[in-house]
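First the structure, in the form of structure tokens, and then the observations on it.
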Amino acid sequence: MDFSDSIWMVIMVCLVGWGWRFLNWIWLRPKKLEKWLRQQGFAGNSYRLYSGDVNDMAAVMEQAKSKPMSFSHDIAPRVIPSIHHTIHKYGKNSFTWLGPYPRVYIMDPEQLKAAFSLYTDFQKPTINPLGRLLFDGLINHEGAKWAKHRKIINPAFHFEKLKDMVPTMFESCSEMISKWERMISKDGFCELDVMPHLQNLAADVISRTAFGSTYEEGKIIFNLLKELTNLVIKTSNTVYIPGWRFLPTKLNNRMKKISKEMKTLLLNLINKRQRAMKEGEAIHSDLLGILLESNFNEIQEHGNVNIGMSIDDLVEECKVFYLAGQETTAILLVWTMVLLSSYTKWQDRARSEVLQVFGYNKPDFDGLNRLKVVTMILNEVLRLYPPASVFSRRLVKKETRLGNLTLPSGVLLSFPILLIHQDPELWGEDANEFNPERFAEGISKATKNQTGFFPFGWGPRICVGQNFAMIEAKIALSMILQHFSFELSSSYTHAPISILTIQPQHGAHIILHKL
């Protein structure tokens with residue numbers, strides 16, 4: 001055998017090897033996983049080559065969002081139509097196909113609890129590389145990197161630090177209230193879409209509390225994030241092809257340009273703060289200042305710069321602050337105003353409590369903790385309209401037990417929050433109704449299983465910013481109730497849709513009445 005024959009032999013072996021791996025990925029492995037799942041009692045569509053159920057999911061979603069719905073809180077058929085259809089057809093133990101990967105739906109509270117607790121076995125899904133352009137921070141990390149980042153970030157969300165941020169949150173809310181008061185007509189009312197106003201409010205709050213700047217100064221970053229979010233969502237509706245991100249398509253180029261611009265802006269902000277710290281200036285009490293201080297202390301404690309976060313890590317965490325910190329609270333306030341506009345009895349009860357605790361004075365931290373009715377309302381809104389419609393995990397070990405299930409590696413897990421939050425078996429026959437009274441004795445007594453309520457996640461990886469979001473929501477709602485009564489406008493269209501968070505597709509048109 002001469003040299004050229006050897007080369008061809010090597011090429012043939014490589015081609016056969018690649019061909020076998022491709023065949024295993026595209027057909028053999030999915031069919032093996034399907035057989036395993038059916039033996040475990042799961043039901044679902046048979047695997048279809050390459051795309052699985054993705055095309056059907058996209059078509060069902062387009063159909064669902066093409067028309068509004070009646071004013072009902074049974075929103076799963078519109079927000080997660082494919083999941084709702086699958087579980088309605090096959091039952092709670094069911095699965096769908098995301099390309100060649102099966103996605104198993106988990107709705108049993110004990111199995112949910114186990115999956116959230118075993119966070120080293122059930123990890124966050126691998127993000128589409130294009131999606132990492134949006135953010136790649138704490139919420140995506142695993143293992144030692146997650147533990148390190150969580151330890152460094154935790155001090156920024158300690159209750160004592162959050163208490164110091166209340167006056168800043170008040171200032172942002174006060175500016176929005178003043179703007180609304182100027183919009184009131186001589187007749188004492190005005191109609192407006194509160195959604196952009198509340199988004200701007202939350203953006204201003206996160207800008208001031210995280211970076212010490214106002215919304216106007218951070219507007220460029222927010223606009224870039226918003227555009228990038230829409231582009232990332234667009235790419236997530238198709239099966240990702242490895243290497244596709246390297247092609248110079250118009251979409252890819254725009255996403256990379258936005259990501260680069262955001263990184264430059266945030267790098268400038270971080271470098272400016274670090275220079276100030278080195279020059280001995282007082283450390284800011286905002287989230288970035290606390291984060292930089294915590295990171296510096298971690299490095300000093302171990303005497304190793306590699307122990308702390310890198311500059312790139314800090315940039316990514318800042319992007320998470322901006323996006324998650326703004327989006328979650330804004331949408332919680334939007335749905336709270338929509339629901340209180342429809343259930344005026346609860347609006348009156350909440351206002352009565354706020355006036356009893358604060359009068360017409362500035363809300364303070366201690367008073368916020370005494371707002372029992374307001375807390376009940378916010379929890380009920382989070383139950384019916386949680387920020388995320390679905391949580392996902394992936395199994396990283398070869399085989400893992402989850403309660404009475406044995407799951408193989410390669411399986412994706414999906415926790416449909418919307419359906420769990422409205423499961424009559426957990427919440428009773430009025431599960432689809434707005435009834436804050438169910439939270440009168442706290443979360444543990446509201447449902448038959450505490451794991452049945454997880455708007456911010458559950459277990460060790462529960463959202464680090466949940467207390468920040470709730471404090472901000474209580475301040476904003478209290479101040480709105482102090483100054484206005486409100487009702488739904490006839491132009492309001494009930495059309496919930498999931499775009500990172502569950503939000504009204506056509507805005508939230510509400511009529512404000514000055515008190």
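Simple scheme: letters A, B, ... for chains in structure tokens order, numbers from 1 for residues in each chain, numbers from 1 for ligands in the order shown.
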(request) If you run DSSP over the backbone, which residues in segment 294-469 of chain A end up strand (DSSP E)? Put them as a ChimeraX atom specification. (result) /A:391-395,399-402,405-408,412-415
Using only C-alpha atoms, what does the table of segment 247-339 of chain A residues within 9 Å of segment 107-131 of chain A look like, with each row giving the shortest atom pair and its distance in Å to one decimal, sorted by chain and ascending number, as JSON lines?
```
{"residue": "A:Asn252", "atom": "CA", "partner": "A:Leu130", "partner_atom": "CA", "distance": 7.9}
{"residue": "A:Met255", "atom": "CA", "partner": "A:Leu130", "partner_atom": "CA", "distance": 7.9}
{"residue": "A:Lys256", "atom": "CA", "partner": "A:Leu130", "partner_atom": "CA", "distance": 8.6}
```
(request) Just list the residues in segment 27-127 of chain A DSSP gives helix (DSSP H, G or I) on the backbone, as a PyMOL selection string. (result) chain A and resi 27-39+54-64+76-79+81-90+109-117
Kindly export the residues of the current selection with N, CA and C atoms, as a CSV table (one decimal), in the first residue's frame.
```csv
chain,number,residue,atom,x,y,z
A,27,TRP,N,-31.0,10.0,14.0
A,27,TRP,CA,-32.0,8.9,13.9
A,27,TRP,C,-31.9,7.9,15.0
A,28,LEU,N,-30.7,7.2,15.1
A,28,LEU,CA,-30.6,6.1,16.1
A,28,LEU,C,-30.8,6.4,17.5
A,29,ARG,N,-30.2,7.5,18.0
A,29,ARG,CA,-30.3,7.9,19.4
A,29,ARG,C,-31.7,8.4,19.7
A,30,PRO,N,-32.3,9.3,18.9
A,30,PRO,CA,-33.7,9.7,19.2
A,30,PRO,C,-34.7,8.5,19.3
A,31,LYS,N,-34.5,7.5,18.4
A,31,LYS,CA,-35.4,6.4,18.4
A,31,LYS,C,-35.2,5.6,19.7
A,32,LYS,N,-34.0,5.5,20.1
A,32,LYS,CA,-33.7,4.8,21.4
A,32,LYS,C,-34.3,5.5,22.6
A,33,LEU,N,-34.1,6.8,22.6
A,33,LEU,CA,-34.7,7.6,23.7
A,33,LEU,C,-36.2,7.5,23.7
A,34,GLU,N,-36.8,7.5,22.5
A,34,GLU,CA,-38.3,7.4,22.4
A,34,GLU,C,-38.7,6.1,23.0
A,35,LYS,N,-38.1,5.0,22.7
A,35,LYS,CA,-38.4,3.7,23.2
A,35,LYS,C,-38.3,3.7,24.7
A,36,TRP,N,-37.3,4.3,25.3
A,36,TRP,CA,-37.0,4.3,26.7
A,36,TRP,C,-38.2,5.1,27.4
A,37,LEU,N,-38.5,6.3,26.8
A,37,LEU,CA,-39.5,7.1,27.4
A,37,LEU,C,-40.9,6.4,27.4
A,38,ARG,N,-41.2,5.8,26.4
A,38,ARG,CA,-42.5,5.0,26.3
A,38,ARG,C,-42.6,3.9,27.3
A,39,GLN,N,-41.4,3.3,27.6
A,39,GLN,CA,-41.4,2.2,28.6
A,39,GLN,C,-41.6,2.8,30.0
A,54,VAL,N,-40.8,20.8,15.9
A,54,VAL,CA,-40.5,22.2,15.9
A,54,VAL,C,-41.4,22.9,14.9
A,55,ASN,N,-41.6,22.4,13.7
A,55,ASN,CA,-42.4,23.1,12.7
A,55,ASN,C,-43.9,23.2,13.2
A,56,ASP,N,-44.4,22.1,13.8
A,56,ASP,CA,-45.8,22.1,14.3
A,56,ASP,C,-45.9,23.2,15.4
A,57,MET,N,-44.9,23.2,16.3
A,57,MET,CA,-44.9,24.2,17.4
A,57,MET,C,-45.0,25.6,16.8
A,58,ALA,N,-44.2,25.9,15.8
A,58,ALA,CA,-44.2,27.3,15.3
A,58,ALA,C,-45.5,27.6,14.6
A,59,ALA,N,-46.1,26.6,13.9
A,59,ALA,CA,-47.4,26.9,13.3
A,59,ALA,C,-48.5,27.1,14.3
A,60,VAL,N,-48.5,26.3,15.4
A,60,VAL,CA,-49.5,26.4,16.4
A,60,VAL,C,-49.4,27.8,17.1
A,61,MET,N,-48.1,28.2,17.3
A,61,MET,CA,-47.9,29.5,18.0
A,61,MET,C,-48.4,30.7,17.1
A,62,GLU,N,-48.1,30.6,15.9
A,62,GLU,CA,-48.6,31.7,15.0
A,62,GLU,C,-50.1,31.8,15.0
A,63,GLN,N,-50.7,30.6,14.9
A,63,GLN,CA,-52.2,30.6,14.9
A,63,GLN,C,-52.7,31.1,16.3
A,64,ALA,N,-52.1,30.8,17.4
A,64,ALA,CA,-52.6,31.2,18.7
A,64,ALA,C,-52.5,32.7,18.9
A,76,ALA,N,-52.9,29.5,29.0
A,76,ALA,CA,-51.9,28.5,28.5
A,76,ALA,C,-52.2,28.2,27.0
A,77,PRO,N,-53.5,28.0,26.6
A,77,PRO,CA,-53.7,27.7,25.2
A,77,PRO,C,-53.2,28.8,24.2
A,78,ARG,N,-53.0,30.0,24.7
A,78,ARG,CA,-52.5,31.1,23.8
A,78,ARG,C,-51.0,31.3,24.0
A,79,VAL,N,-50.5,31.2,25.2
A,79,VAL,CA,-49.1,31.5,25.6
A,79,VAL,C,-48.2,30.3,25.2
A,81,PRO,N,-49.2,27.2,23.5
A,81,PRO,CA,-50.3,26.4,22.8
A,81,PRO,C,-49.8,24.9,22.5
A,82,SER,N,-48.5,24.8,22.1
A,82,SER,CA,-48.0,23.5,21.8
A,82,SER,C,-48.0,22.6,23.0
A,83,ILE,N,-47.5,23.1,24.1
A,83,ILE,CA,-47.4,22.4,25.4
A,83,ILE,C,-48.8,22.0,25.9
A,84,HIS,N,-49.6,23.0,25.9
A,84,HIS,CA,-51.0,22.8,26.3
A,84,HIS,C,-51.7,21.7,25.5
A,85,HIS,N,-51.5,21.7,24.2
A,85,HIS,CA,-52.1,20.7,23.3
A,85,HIS,C,-51.5,19.3,23.6
A,86,THR,N,-50.2,19.3,23.8
A,86,THR,CA,-49.6,18.0,24.0
A,86,THR,C,-50.1,17.3,25.3
A,87,ILE,N,-50.1,18.1,26.4
A,87,ILE,CA,-50.5,17.6,27.7
A,87,ILE,C,-52.0,17.3,27.7
A,88,HIS,N,-52.8,18.1,27.0
A,88,HIS,CA,-54.2,17.8,26.9
A,88,HIS,C,-54.5,16.5,26.1
A,89,LYS,N,-53.6,16.3,25.1
A,89,LYS,CA,-53.8,15.1,24.3
A,89,LYS,C,-53.2,13.8,24.9
A,90,TYR,N,-52.0,13.9,25.5
A,90,TYR,CA,-51.3,12.7,26.0
A,90,TYR,C,-51.3,12.6,27.5
A,109,PRO,N,-45.3,17.8,41.7
A,109,PRO,CA,-44.6,18.6,42.6
A,109,PRO,C,-43.3,18.0,43.2
A,110,GLU,N,-43.4,16.7,43.6
A,110,GLU,CA,-42.3,16.0,44.2
A,110,GLU,C,-41.2,15.8,43.2
A,111,GLN,N,-41.5,15.5,41.9
A,111,GLN,CA,-40.5,15.4,40.9
A,111,GLN,C,-39.9,16.8,40.6
A,112,LEU,N,-40.7,17.8,40.6
A,112,LEU,CA,-40.2,19.2,40.4
A,112,LEU,C,-39.2,19.5,41.5
A,113,LYS,N,-39.6,19.2,42.7
A,113,LYS,CA,-38.7,19.5,43.9
A,113,LYS,C,-37.4,18.8,43.7
A,114,ALA,N,-37.4,17.5,43.3
A,114,ALA,CA,-36.2,16.8,43.1
A,114,ALA,C,-35.3,17.4,42.0
A,115,ALA,N,-36.0,17.7,40.9
A,115,ALA,CA,-35.2,18.3,39.8
A,115,ALA,C,-34.6,19.6,40.1
A,116,PHE,N,-35.3,20.5,40.9
A,116,PHE,CA,-34.7,21.8,41.3
A,116,PHE,C,-33.6,21.6,42.3
A,117,SER,N,-33.7,20.5,43.2
A,117,SER,CA,-32.7,20.3,44.2
A,117,SER,C,-31.4,19.7,43.6
```
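When only C-alpha atoms are used to compute distances to Pro436 of chain A, the closest of the residues A:Arg48, A:Lys372, A:Arg401, A:Lys92 turns out to be A:Lys372.
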(message) What's around segment 298-300 of chain A at 10 Å? Count only C-alpha atoms, leave out sequence neighbours fewer than 5 positions away in its own chain, and write the answer as an NGL selection string.
(response) :A and (148 or 151-152 or 292-293 or 305-309)
(message) Neighbouring residues of Trp427 of chain A were defined as those with any atom within 10 Å, considering only C-alpha atoms; residues of the same chain fewer than 4 positions away were excluded. Please report them as a list in words.
(response) Ile420, His421, Gln422, Asp423, Ala431, Asn432, Arg438, Ala446, Thr447, Lys448, Asn449, Gly452 and Phe453 of chain A
Writing out the chosen residues with N, CA and C atoms as a PDB file, in the first residue's frame:
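So the final result, stored in result-v4.pdb, reads:
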```pdb
ATOM      1  N   ILE A 420     -48.848  24.321  35.842  1.00  0.00           N
ATOM      2  CA  ILE A 420     -48.706  23.899  37.243  1.00  0.00           C
ATOM      3  C   ILE A 420     -49.365  24.905  38.176  1.00  0.00           C
ATOM      4  N   HIS A 421     -49.206  26.196  37.873  1.00  0.00           N
ATOM      5  CA  HIS A 421     -49.799  27.248  38.702  1.00  0.00           C
ATOM      6  C   HIS A 421     -51.331  27.253  38.639  1.00  0.00           C
ATOM      7  N   GLN A 422     -51.885  26.584  37.647  1.00  0.00           N
ATOM      8  CA  GLN A 422     -53.350  26.552  37.523  1.00  0.00           C
ATOM      9  C   GLN A 422     -53.880  25.125  37.511  1.00  0.00           C
ATOM     10  N   ASP A 423     -53.149  24.230  38.124  1.00  0.00           N
ATOM     11  CA  ASP A 423     -53.563  22.829  38.201  1.00  0.00           C
ATOM     12  C   ASP A 423     -54.607  22.668  39.313  1.00  0.00           C
ATOM     13  N   ALA A 431     -58.876  27.278  40.329  1.00  0.00           N
ATOM     14  CA  ALA A 431     -57.477  27.496  39.950  1.00  0.00           C
ATOM     15  C   ALA A 431     -57.318  28.543  38.852  1.00  0.00           C
ATOM     16  N   ASN A 432     -58.326  28.690  37.985  1.00  0.00           N
ATOM     17  CA  ASN A 432     -58.241  29.661  36.887  1.00  0.00           C
ATOM     18  C   ASN A 432     -58.805  31.028  37.262  1.00  0.00           C
ATOM     19  N   ARG A 438     -56.426  33.227  48.608  1.00  0.00           N
ATOM     20  CA  ARG A 438     -55.776  31.922  48.782  1.00  0.00           C
ATOM     21  C   ARG A 438     -54.397  32.073  49.435  1.00  0.00           C
ATOM     22  N   ALA A 446     -51.271  28.121  50.638  1.00  0.00           N
ATOM     23  CA  ALA A 446     -52.086  28.478  49.465  1.00  0.00           C
ATOM     24  C   ALA A 446     -52.336  27.295  48.550  1.00  0.00           C
ATOM     25  N   THR A 447     -51.409  26.340  48.547  1.00  0.00           N
ATOM     26  CA  THR A 447     -51.506  25.202  47.644  1.00  0.00           C
ATOM     27  C   THR A 447     -51.254  23.913  48.411  1.00  0.00           C
ATOM     28  N   LYS A 448     -51.653  22.799  47.821  1.00  0.00           N
ATOM     29  CA  LYS A 448     -51.488  21.510  48.477  1.00  0.00           C
ATOM     30  C   LYS A 448     -50.035  21.072  48.514  1.00  0.00           C
ATOM     31  N   ASN A 449     -49.191  21.702  47.711  1.00  0.00           N
ATOM     32  CA  ASN A 449     -47.761  21.395  47.712  1.00  0.00           C
ATOM     33  C   ASN A 449     -46.996  22.672  47.406  1.00  0.00           C
ATOM     34  N   GLY A 452     -45.621  23.755  44.130  1.00  0.00           N
ATOM     35  CA  GLY A 452     -46.557  24.094  43.066  1.00  0.00           C
ATOM     36  C   GLY A 452     -46.572  25.576  42.726  1.00  0.00           C
ATOM     37  N   PHE A 453     -45.786  26.388  43.465  1.00  0.00           N
ATOM     38  CA  PHE A 453     -45.720  27.832  43.222  1.00  0.00           C
ATOM     39  C   PHE A 453     -44.255  28.231  43.126  1.00  0.00           C
TER      40      PHE A 453
END
```
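Distance-wise, atom CA of Ile270 of chain A and atom CA of Leu291 of chain A end up 10.6 Å apart.
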(request) Could you tell me which of A:Ser342, A:Ser489, A:Val374, A:Leu418 comes closest to Ala440 of chain A if we count only C-alpha atoms? (result) A:Val374
Taking a cut-off of 8 Å and counting only C-alpha atoms, can you build a table that, for each residue of segment 202-227 of chain A near segment 165-178 of chain A, reports the nearest atom pair and how far apart they are in Å (one decimal), sorted by chain then residue number, as CSV?
```
residue,atom,partner,partner_atom,distance
A:Asp204,CA,A:Ser172,CA,6.3
A:Val205,CA,A:Met169,CA,5.7
A:Arg208,CA,A:Thr168,CA,7.0
A:Thr209,CA,A:Met165,CA,6.4
```
(request) Would you mind listing what lies within 6 Å of segment 347-353 of chain A as a list in words, with only C-alpha atoms counted and same-chain residues fewer than 4 positions away left out? (result) Leu340, Val373, Val374 and Leu481 of chain A
Export, as an mmCIF file, in the first residue's frame, the selected residues with C-alpha atoms.
```
data_model
loop_
_atom_site.group_PDB
_atom_site.id
_atom_site.type_symbol
_atom_site.label_atom_id
_atom_site.label_comp_id
_atom_site.auth_asym_id
_atom_site.auth_seq_id
_atom_site.Cartn_x
_atom_site.Cartn_y
_atom_site.Cartn_z
ATOM 1 C CA LEU A 340 -56.910 45.313 39.706
ATOM 2 C CA VAL A 373 -53.115 42.429 51.092
ATOM 3 C CA VAL A 374 -50.714 43.903 48.543
ATOM 4 C CA LEU A 481 -52.863 53.456 44.626
#
```
(message) I'd like the neighbourhood of Phe484 of chain A as number ranges by chain, where a residue qualifies if any of its atoms comes within 6 Å (using only C-alpha atoms), though same-chain residues fewer than 6 positions away should be ignored.
(response) A: 513-515
Could you please take those selected residues and save C-alpha atoms as a CSV table (one decimal), in the first residue's frame?
```
chain,number,residue,atom,x,y,z
A,513,HIS,CA,-58.8,58.7,37.7
A,514,LYS,CA,-57.0,61.2,39.9
A,515,LEU,CA,-57.9,60.8,43.5
```
(request) Name the residues in contact with Phe95 of chain A at a cut-off of 8 Å, using only C-alpha atoms, excluding same-chain residues fewer than 2 positions from it; report them as a PyMOL selection string. (result) chain A and resi 42-45+86+93+97+102-105
Write out the residues from the selection above, keeping C-alpha atoms, as an mmCIF file, in the first residue's frame.
```cif
data_model
loop_
_atom_site.group_PDB
_atom_site.id
_atom_site.type_symbol
_atom_site.label_atom_id
_atom_site.label_comp_id
_atom_site.auth_asym_id
_atom_site.auth_seq_id
_atom_site.Cartn_x
_atom_site.Cartn_y
_atom_site.Cartn_z
ATOM 1 C CA PHE A 42 -44.594 8.712 28.690
ATOM 2 C CA ALA A 43 -46.600 9.434 25.548
ATOM 3 C CA GLY A 44 -46.065 11.776 22.622
ATOM 4 C CA ASN A 45 -45.654 12.044 18.879
ATOM 5 C CA THR A 86 -49.583 17.963 24.034
ATOM 6 C CA ASN A 93 -46.557 12.326 31.459
ATOM 7 C CA TRP A 97 -39.440 16.736 20.064
ATOM 8 C CA PRO A 102 -37.076 14.772 23.414
ATOM 9 C CA ARG A 103 -38.514 17.322 25.844
ATOM 10 C CA VAL A 104 -40.253 15.639 28.783
ATOM 11 C CA TYR A 105 -42.901 17.575 30.712
#
```
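The interatomic distance for the pair atom CA of Leu231 of chain A and atom CA of Leu133 of chain A works out to 10.4 Å.
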(message) Please report the interatomic distance between atom CA of Val411 of chain A and atom CA of Arg150 of chain A in Å with one decimal.
(response)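 These two atoms are separated by 26.6 Å.
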